[in-house]
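Peer 1: Before I ask anything, let me first share the structure, which is written out below as structure tokens.
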Amino acid sequence: RMNVKKISTGSQALDGLLAGGIETRTMTEFFGEFGSGKTQLCHQLSVNVQLPPEKGGLSGKAVYIDTEGTFRWERIENMAKALGLDIDNVMNNIYYIRAINTDHQIAIVDDLQELVSKDPSIKLIVVDSVTSHFRAEYPGRENLAVRQQKLNKHLHQLTRLAEVYDIAVIITNQVMARPDMFYGDPTVAVGGHTLYHVPGIRIQLKKSRGNRRIARVVDAPHLPEGEVVFALTEEGIRD
Ligand code: GTP
Ligand code: MG
């Protein structure tokens, strides 16, 4: 775990849970039910990666692969403005790519190798969500084997980019909630579809009252156990 760098999430509590923030050379999964804050975190980290190191960033650029069409430039604008950053600069430093199906999503990641080796200032790759096209195209038990095989290959490719190019990779995965999900084994959640045997850090997100959200790190031996609360505000992710 040498030379790992961190990107602040915007919440001190969440950064504390992650021992400083989202790591480079690692793939981090945000999983949780709809509205739990996965996409907002992806937006915030695409802005925060651009901050200088003393403000929690890496003075870097982001690649944002959007599979669900939920990326909003206005959100980036608001978050950049709230941090006092130049809005045009911030938008220019995000490579936005809309992935229309699994083959396209896989091809985009295949091609990223070239982009990130040419542009070493890319320090973050987001795939929001990594699973939605796979679920739509390979539904049900009968397609499970081929879906899992394709998805695993895709995820290992992303992990390799993180490790070789010192990049933070963030993937999201919608997982249906159930009442005891936070206390039971999240890999057997009803509605399932969690990602098995994927290397990296897994962060479970849950709705709380109003704009509050709860985050928990799942089986990361080097991070402390426990949950933290953060907020989804107009300015972005905060305490
Ligand atoms: P799915 O993609 O449906 O699985 O959900 P998600 O986990 O990606 O949820 P997302 O990050 O989109 O969170 C949605 C929540 O963020 C909303 O319920 C709002 O509370 C908040 N949110 C989204 N957009 C804005 C915004 O422009 N301003 C503010 N203040 N909050 C927002
Ligand atoms: Mg989302």
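In the structure tokens, chains take letters A, B, ... by order of appearance, with residues numbered from 1 within each chain and ligands from 1 in the order shown.
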If the limit is 8 Å from any atom of ligand 2, counting only C-alpha atoms and all ligand atoms, which residues qualify? Return them as a PyMOL selection string.
Peer 2: chain A and resi 34-35+37-40+68+70+128-129+172+174
Peer 1: For the residues in the current selection, export N, CA, C and O atoms as a PDB file, in the first residue's frame.
Peer 2:
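Below is the file again_27.pdb, written as the result:
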```
ATOM      1  N   PHE A  34     -31.477   3.183  -4.161  1.00  0.00           N
ATOM      2  CA  PHE A  34     -31.700   4.401  -4.934  1.00  0.00           C
ATOM      3  C   PHE A  34     -31.751   5.601  -3.984  1.00  0.00           C
ATOM      4  O   PHE A  34     -32.292   5.497  -2.884  1.00  0.00           O
ATOM      5  N   GLY A  35     -31.157   6.681  -4.418  1.00  0.00           N
ATOM      6  CA  GLY A  35     -31.183   7.897  -3.604  1.00  0.00           C
ATOM      7  C   GLY A  35     -30.233   7.891  -2.419  1.00  0.00           C
ATOM      8  O   GLY A  35     -30.252   8.811  -1.598  1.00  0.00           O
ATOM      9  N   GLY A  37     -27.053   8.299  -2.474  1.00  0.00           N
ATOM     10  CA  GLY A  37     -25.989   9.303  -2.616  1.00  0.00           C
ATOM     11  C   GLY A  37     -24.817   8.881  -3.478  1.00  0.00           C
ATOM     12  O   GLY A  37     -23.826   9.611  -3.576  1.00  0.00           O
ATOM     13  N   LYS A  38     -24.931   7.747  -4.144  1.00  0.00           N
ATOM     14  CA  LYS A  38     -23.823   7.233  -4.968  1.00  0.00           C
ATOM     15  C   LYS A  38     -23.429   8.225  -6.062  1.00  0.00           C
ATOM     16  O   LYS A  38     -22.249   8.564  -6.228  1.00  0.00           O
ATOM     17  N   THR A  39     -24.417   8.701  -6.812  1.00  0.00           N
ATOM     18  CA  THR A  39     -24.133   9.614  -7.929  1.00  0.00           C
ATOM     19  C   THR A  39     -23.628  10.966  -7.441  1.00  0.00           C
ATOM     20  O   THR A  39     -22.740  11.561  -8.047  1.00  0.00           O
ATOM     21  N   GLN A  40     -24.166  11.430  -6.319  1.00  0.00           N
ATOM     22  CA  GLN A  40     -23.685  12.706  -5.767  1.00  0.00           C
ATOM     23  C   GLN A  40     -22.223  12.602  -5.354  1.00  0.00           C
ATOM     24  O   GLN A  40     -21.432  13.517  -5.597  1.00  0.00           O
ATOM     25  N   GLU A  68     -26.185   5.604 -16.817  1.00  0.00           N
ATOM     26  CA  GLU A  68     -27.621   5.773 -16.552  1.00  0.00           C
ATOM     27  C   GLU A  68     -28.151   7.135 -16.985  1.00  0.00           C
ATOM     28  O   GLU A  68     -29.338   7.413 -16.830  1.00  0.00           O
ATOM     29  N   THR A  70     -27.412  10.022 -15.617  1.00  0.00           N
ATOM     30  CA  THR A  70     -27.756  10.843 -14.450  1.00  0.00           C
ATOM     31  C   THR A  70     -26.689  11.887 -14.115  1.00  0.00           C
ATOM     32  O   THR A  70     -26.799  12.568 -13.093  1.00  0.00           O
ATOM     33  N   ASP A 128     -20.492   5.047 -13.165  1.00  0.00           N
ATOM     34  CA  ASP A 128     -21.765   5.183 -12.438  1.00  0.00           C
ATOM     35  C   ASP A 128     -22.936   4.845 -13.375  1.00  0.00           C
ATOM     36  O   ASP A 128     -23.235   5.622 -14.256  1.00  0.00           O
ATOM     37  N   SER A 129     -23.590   3.729 -13.238  1.00  0.00           N
ATOM     38  CA  SER A 129     -23.291   2.606 -12.366  1.00  0.00           C
ATOM     39  C   SER A 129     -22.581   1.527 -13.161  1.00  0.00           C
ATOM     40  O   SER A 129     -22.810   1.421 -14.366  1.00  0.00           O
ATOM     41  N   THR A 172     -20.102   2.348  -8.925  1.00  0.00           N
ATOM     42  CA  THR A 172     -21.300   2.314  -8.086  1.00  0.00           C
ATOM     43  C   THR A 172     -22.151   1.117  -8.474  1.00  0.00           C
ATOM     44  O   THR A 172     -22.055   0.587  -9.582  1.00  0.00           O
ATOM     45  N   GLN A 174     -26.195  -0.274  -7.545  1.00  0.00           N
ATOM     46  CA  GLN A 174     -27.452  -0.150  -6.792  1.00  0.00           C
ATOM     47  C   GLN A 174     -27.841  -1.494  -6.200  1.00  0.00           C
ATOM     48  O   GLN A 174     -27.922  -2.493  -6.910  1.00  0.00           O
TER      49      GLN A 174
END
```
Peer 1: Would you list the residues that come within 10 Å of ligand 1? Count only C-alpha atoms and all ligand atoms and give the answer as a ChimeraX atom specification.
Peer 2: /A:30-44,68-72,74-76,78-79,128-129,132,172-176,205-207,210-213,231-237
Peer 1: Have a look at A:Lys6, A:His154, A:Arg98, A:Arg202 and name the one nearest to Leu124 in chain A; count only C-alpha atoms.
Peer 2: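 Smallest separation from Leu124 in chain A among the options: A:Lys6.
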Peer 1: Which is closer to His156 in chain A than all the others in A:Thr26, A:Asn3, A:Ser46, A:Thr9, using only C-alpha atoms?
Peer 2: A:Thr26
Peer 1: Identify, on the basis of only C-alpha atoms, every residue whose closest approach to Ala80 in chain A does not exceed 8 Å; exclude the query and any residue fewer than 5 positions from it along the same chain; express the result as a PyMOL selection string.
Peer 2: chain A and resi 47+85-87+90
Peer 1: Can I get the selected residues back with N, CA, C and O atoms, as an mmCIF file, in the first residue's frame?
Peer 2:
```
data_model
loop_
_atom_site.group_PDB
_atom_site.id
_atom_site.type_symbol
_atom_site.label_atom_id
_atom_site.label_comp_id
_atom_site.auth_asym_id
_atom_site.auth_seq_id
_atom_site.Cartn_x
_atom_site.Cartn_y
_atom_site.Cartn_z
ATOM 1 N N VAL A 47 -15.007 16.691 -8.870
ATOM 2 C CA VAL A 47 -14.593 18.077 -8.603
ATOM 3 C C VAL A 47 -13.395 18.085 -7.648
ATOM 4 O O VAL A 47 -12.383 18.742 -7.898
ATOM 5 N N LEU A 85 -13.836 27.441 -7.062
ATOM 6 C CA LEU A 85 -13.017 27.043 -8.213
ATOM 7 C C LEU A 85 -13.538 27.687 -9.492
ATOM 8 O O LEU A 85 -14.704 28.076 -9.572
ATOM 9 N N ASP A 86 -12.683 27.778 -10.494
ATOM 10 C CA ASP A 86 -13.076 28.292 -11.795
ATOM 11 C C ASP A 86 -13.958 27.244 -12.497
ATOM 12 O O ASP A 86 -13.505 26.136 -12.781
ATOM 13 N N ILE A 87 -15.184 27.632 -12.782
ATOM 14 C CA ILE A 87 -16.168 26.652 -13.253
ATOM 15 C C ILE A 87 -15.785 26.063 -14.612
ATOM 16 O O ILE A 87 -15.893 24.849 -14.820
ATOM 17 N N VAL A 90 -12.984 23.564 -14.194
ATOM 18 C CA VAL A 90 -13.452 22.320 -13.565
ATOM 19 C C VAL A 90 -14.181 21.457 -14.592
ATOM 20 O O VAL A 90 -13.967 20.245 -14.674
#
```
Peer 1: Run DSSP on the backbone and give me the residues of chain A it puts in strand (DSSP E), as a ChimeraX atom specification.
Peer 2: /A:6-7,22-23,26-32,61-66,94-98,122-128,168-174,201-207,212-218,227-233,236-238
Peer 1: Rounded to one decimal in Å, what is the spacing between CA of Gly20 in chain A and CA of Ser121 in chain A?
Peer 2: 20.5 Å
Peer 1: Fewer than 5 positions away in the same chain doesn't count, so skip those; otherwise give me all residues within 9 Å of Ile97 in chain A, counting only C-alpha atoms, as a list in words.
Peer 2: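 Returned residues: Val63, Tyr64, Ile65, Asp66, Thr67 and Ile108 of chain A.
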Peer 1: Grab the residues selected above and save them as a CSV table (one decimal), in the first residue's frame with C-alpha atoms.
Peer 2:
```
chain,number,residue,atom,x,y,z
A,63,VAL,CA,-13.0,10.5,-16.4
A,64,TYR,CA,-16.7,10.1,-15.8
A,65,ILE,CA,-18.4,7.1,-17.4
A,66,ASP,CA,-22.2,7.5,-17.1
A,67,THR,CA,-24.3,4.4,-17.8
A,108,ILE,CA,-14.6,2.6,-23.3
```
Peer 1: Enumerate the residues of range 62-131 of chain A with a DSSP assignment of helix (DSSP H, G or I), computed from the backbone, and present them as an mmCIF file with N, CA, C and O atoms, in the first residue's frame.
Peer 2:
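Full text of part-v9.cif as output:
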```
data_model
loop_
_atom_site.group_PDB
_atom_site.id
_atom_site.type_symbol
_atom_site.label_atom_id
_atom_site.label_comp_id
_atom_site.auth_asym_id
_atom_site.auth_seq_id
_atom_site.Cartn_x
_atom_site.Cartn_y
_atom_site.Cartn_z
ATOM 1 N N TRP A 73 -24.129 18.528 -15.504
ATOM 2 C CA TRP A 73 -23.107 19.585 -15.462
ATOM 3 C C TRP A 73 -23.477 20.673 -14.457
ATOM 4 O O TRP A 73 -22.610 21.279 -13.839
ATOM 5 N N GLU A 74 -24.759 20.947 -14.264
ATOM 6 C CA GLU A 74 -25.191 21.977 -13.303
ATOM 7 C C GLU A 74 -24.742 21.622 -11.885
ATOM 8 O O GLU A 74 -24.428 22.510 -11.083
ATOM 9 N N ARG A 75 -24.745 20.318 -11.601
ATOM 10 C CA ARG A 75 -24.331 19.861 -10.271
ATOM 11 C C ARG A 75 -22.835 20.138 -10.075
ATOM 12 O O ARG A 75 -22.403 20.587 -9.015
ATOM 13 N N ILE A 76 -22.061 19.867 -11.138
ATOM 14 C CA ILE A 76 -20.615 20.135 -11.112
ATOM 15 C C ILE A 76 -20.384 21.634 -10.897
ATOM 16 O O ILE A 76 -19.543 22.044 -10.090
ATOM 17 N N GLU A 77 -21.164 22.428 -11.618
ATOM 18 C CA GLU A 77 -21.068 23.882 -11.500
ATOM 19 C C GLU A 77 -21.286 24.346 -10.066
ATOM 20 O O GLU A 77 -20.498 25.118 -9.523
ATOM 21 N N ASN A 78 -22.382 23.856 -9.455
ATOM 22 C CA ASN A 78 -22.687 24.245 -8.074
ATOM 23 C C ASN A 78 -21.587 23.826 -7.114
ATOM 24 O O ASN A 78 -21.213 24.590 -6.215
ATOM 25 N N MET A 79 -21.090 22.617 -7.306
ATOM 26 C CA MET A 79 -20.052 22.111 -6.392
ATOM 27 C C MET A 79 -18.748 22.884 -6.572
ATOM 28 O O MET A 79 -18.058 23.186 -5.594
ATOM 29 N N ALA A 80 -18.426 23.214 -7.819
ATOM 30 C CA ALA A 80 -17.198 23.974 -8.098
ATOM 31 C C ALA A 80 -17.301 25.376 -7.517
ATOM 32 O O ALA A 80 -16.368 25.884 -6.887
ATOM 33 N N LYS A 81 -18.463 25.989 -7.730
ATOM 34 C CA LYS A 81 -18.701 27.340 -7.214
ATOM 35 C C LYS A 81 -18.563 27.372 -5.700
ATOM 36 O O LYS A 81 -17.923 28.267 -5.142
ATOM 37 N N ALA A 82 -19.129 26.362 -5.042
ATOM 38 C CA ALA A 82 -19.084 26.296 -3.578
ATOM 39 C C ALA A 82 -17.656 26.202 -3.056
ATOM 40 O O ALA A 82 -17.366 26.606 -1.933
ATOM 41 N N ILE A 87 -15.184 27.632 -12.782
ATOM 42 C CA ILE A 87 -16.168 26.652 -13.253
ATOM 43 C C ILE A 87 -15.785 26.063 -14.612
ATOM 44 O O ILE A 87 -15.893 24.849 -14.820
ATOM 45 N N ASP A 88 -15.333 26.902 -15.532
ATOM 46 C CA ASP A 88 -14.943 26.394 -16.863
ATOM 47 C C ASP A 88 -13.787 25.407 -16.760
ATOM 48 O O ASP A 88 -13.780 24.367 -17.423
ATOM 49 N N ASN A 89 -12.806 25.757 -15.932
ATOM 50 C CA ASN A 89 -11.678 24.849 -15.706
ATOM 51 C C ASN A 89 -12.143 23.504 -15.190
ATOM 52 O O ASN A 89 -11.725 22.456 -15.688
ATOM 53 N N VAL A 90 -12.984 23.564 -14.194
ATOM 54 C CA VAL A 90 -13.452 22.320 -13.565
ATOM 55 C C VAL A 90 -14.181 21.457 -14.592
ATOM 56 O O VAL A 90 -13.967 20.245 -14.674
ATOM 57 N N MET A 91 -15.011 22.073 -15.412
ATOM 58 C CA MET A 91 -15.761 21.292 -16.406
ATOM 59 C C MET A 91 -14.832 20.734 -17.479
ATOM 60 O O MET A 91 -15.000 19.598 -17.922
ATOM 61 N N ASN A 92 -13.823 21.530 -17.874
ATOM 62 C CA ASN A 92 -12.867 21.048 -18.878
ATOM 63 C C ASN A 92 -12.024 19.881 -18.379
ATOM 64 O O ASN A 92 -11.493 19.116 -19.186
ATOM 65 N N THR A 102 -23.470 -2.611 -22.552
ATOM 66 C CA THR A 102 -22.302 -3.273 -21.948
ATOM 67 C C THR A 102 -21.103 -3.291 -22.897
ATOM 68 O O THR A 102 -19.977 -3.025 -22.470
ATOM 69 N N ASP A 103 -21.352 -3.598 -24.174
ATOM 70 C CA ASP A 103 -20.233 -3.650 -25.123
ATOM 71 C C ASP A 103 -19.545 -2.291 -25.209
ATOM 72 O O ASP A 103 -18.315 -2.205 -25.253
ATOM 73 N N HIS A 104 -20.360 -1.229 -25.227
ATOM 74 C CA HIS A 104 -19.823 0.118 -25.277
ATOM 75 C C HIS A 104 -19.032 0.436 -24.002
ATOM 76 O O HIS A 104 -17.919 0.950 -24.063
ATOM 77 N N GLN A 105 -19.595 0.086 -22.876
ATOM 78 C CA GLN A 105 -18.947 0.326 -21.582
ATOM 79 C C GLN A 105 -17.598 -0.385 -21.509
ATOM 80 O O GLN A 105 -16.600 0.187 -21.044
ATOM 81 N N ILE A 106 -17.562 -1.622 -21.982
ATOM 82 C CA ILE A 106 -16.315 -2.402 -21.978
ATOM 83 C C ILE A 106 -15.305 -1.781 -22.942
ATOM 84 O O ILE A 106 -14.120 -1.644 -22.610
ATOM 85 N N ALA A 107 -15.795 -1.351 -24.114
ATOM 86 C CA ALA A 107 -14.901 -0.747 -25.112
ATOM 87 C C ALA A 107 -14.306 0.566 -24.597
ATOM 88 O O ALA A 107 -13.131 0.865 -24.845
ATOM 89 N N ILE A 108 -15.113 1.340 -23.894
ATOM 90 C CA ILE A 108 -14.626 2.609 -23.329
ATOM 91 C C ILE A 108 -13.456 2.339 -22.384
ATOM 92 O O ILE A 108 -12.424 3.006 -22.436
ATOM 93 N N VAL A 109 -13.624 1.334 -21.524
ATOM 94 C CA VAL A 109 -12.559 1.031 -20.558
ATOM 95 C C VAL A 109 -11.338 0.447 -21.271
ATOM 96 O O VAL A 109 -10.190 0.741 -20.903
ATOM 97 N N ASP A 110 -11.559 -0.349 -22.322
ATOM 98 C CA ASP A 110 -10.431 -0.830 -23.145
ATOM 99 C C ASP A 110 -9.611 0.351 -23.668
ATOM 100 O O ASP A 110 -8.386 0.333 -23.638
ATOM 101 N N ASP A 111 -10.317 1.373 -24.139
ATOM 102 C CA ASP A 111 -9.652 2.531 -24.749
ATOM 103 C C ASP A 111 -9.008 3.468 -23.723
ATOM 104 O O ASP A 111 -8.165 4.286 -24.085
ATOM 105 N N LEU A 112 -9.420 3.354 -22.473
ATOM 106 C CA LEU A 112 -8.907 4.275 -21.450
ATOM 107 C C LEU A 112 -7.405 4.141 -21.248
ATOM 108 O O LEU A 112 -6.728 5.112 -20.930
ATOM 109 N N GLN A 113 -6.902 2.935 -21.419
ATOM 110 C CA GLN A 113 -5.461 2.681 -21.297
ATOM 111 C C GLN A 113 -4.658 3.730 -22.062
ATOM 112 O O GLN A 113 -3.702 4.303 -21.536
ATOM 113 N N GLU A 114 -5.096 3.969 -23.310
ATOM 114 C CA GLU A 114 -4.382 4.923 -24.153
ATOM 115 C C GLU A 114 -4.514 6.347 -23.590
ATOM 116 O O GLU A 114 -3.540 7.092 -23.525
ATOM 117 N N LEU A 115 -5.752 6.703 -23.208
ATOM 118 C CA LEU A 115 -5.995 8.057 -22.691
ATOM 119 C C LEU A 115 -5.186 8.336 -21.424
ATOM 120 O O LEU A 115 -4.528 9.374 -21.316
ATOM 121 N N VAL A 116 -5.210 7.402 -20.477
ATOM 122 C CA VAL A 116 -4.536 7.672 -19.202
ATOM 123 C C VAL A 116 -3.009 7.612 -19.338
ATOM 124 O O VAL A 116 -2.295 8.283 -18.585
ATOM 125 N N SER A 117 -2.515 6.845 -20.313
ATOM 126 C CA SER A 117 -1.057 6.844 -20.479
ATOM 127 C C SER A 117 -0.592 8.123 -21.176
ATOM 128 O O SER A 117 0.527 8.577 -20.963
ATOM 129 N N LYS A 118 -1.474 8.725 -21.992
ATOM 130 C CA LYS A 118 -1.140 9.995 -22.633
ATOM 131 C C LYS A 118 -1.327 11.173 -21.695
ATOM 132 O O LYS A 118 -0.670 12.199 -21.838
#
```
Peer 1: Which residue gives the smallest distance to His222 in chain A among A:Ser8, A:Thr159, A:Leu17, A:Leu151, with only C-alpha atoms counted?
Peer 2: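 Ranked by minimum distance to His222 in chain A, first place goes to A:Leu17.
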Peer 1: Looking at only C-alpha atoms, which of A:Ala19, A:Leu223, A:Ile167, A:Leu51 is the one that sits closest to Ile122 in chain A?
Peer 2: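 Ranked by minimum distance to Ile122 in chain A, first place goes to A:Ile167.
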Peer 1: Any idea what the distance is between CA of Lys55 in chain A and CA of Ile7 in chain A?
Peer 2: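 These atoms are spaced 9.3 Å apart.
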Peer 1: Using CA of Ala162 in chain A and CA of Pro139 in chain A as the two end points, give the distance in Å to one decimal.
Peer 2: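 It comes out at 28.9 Å.
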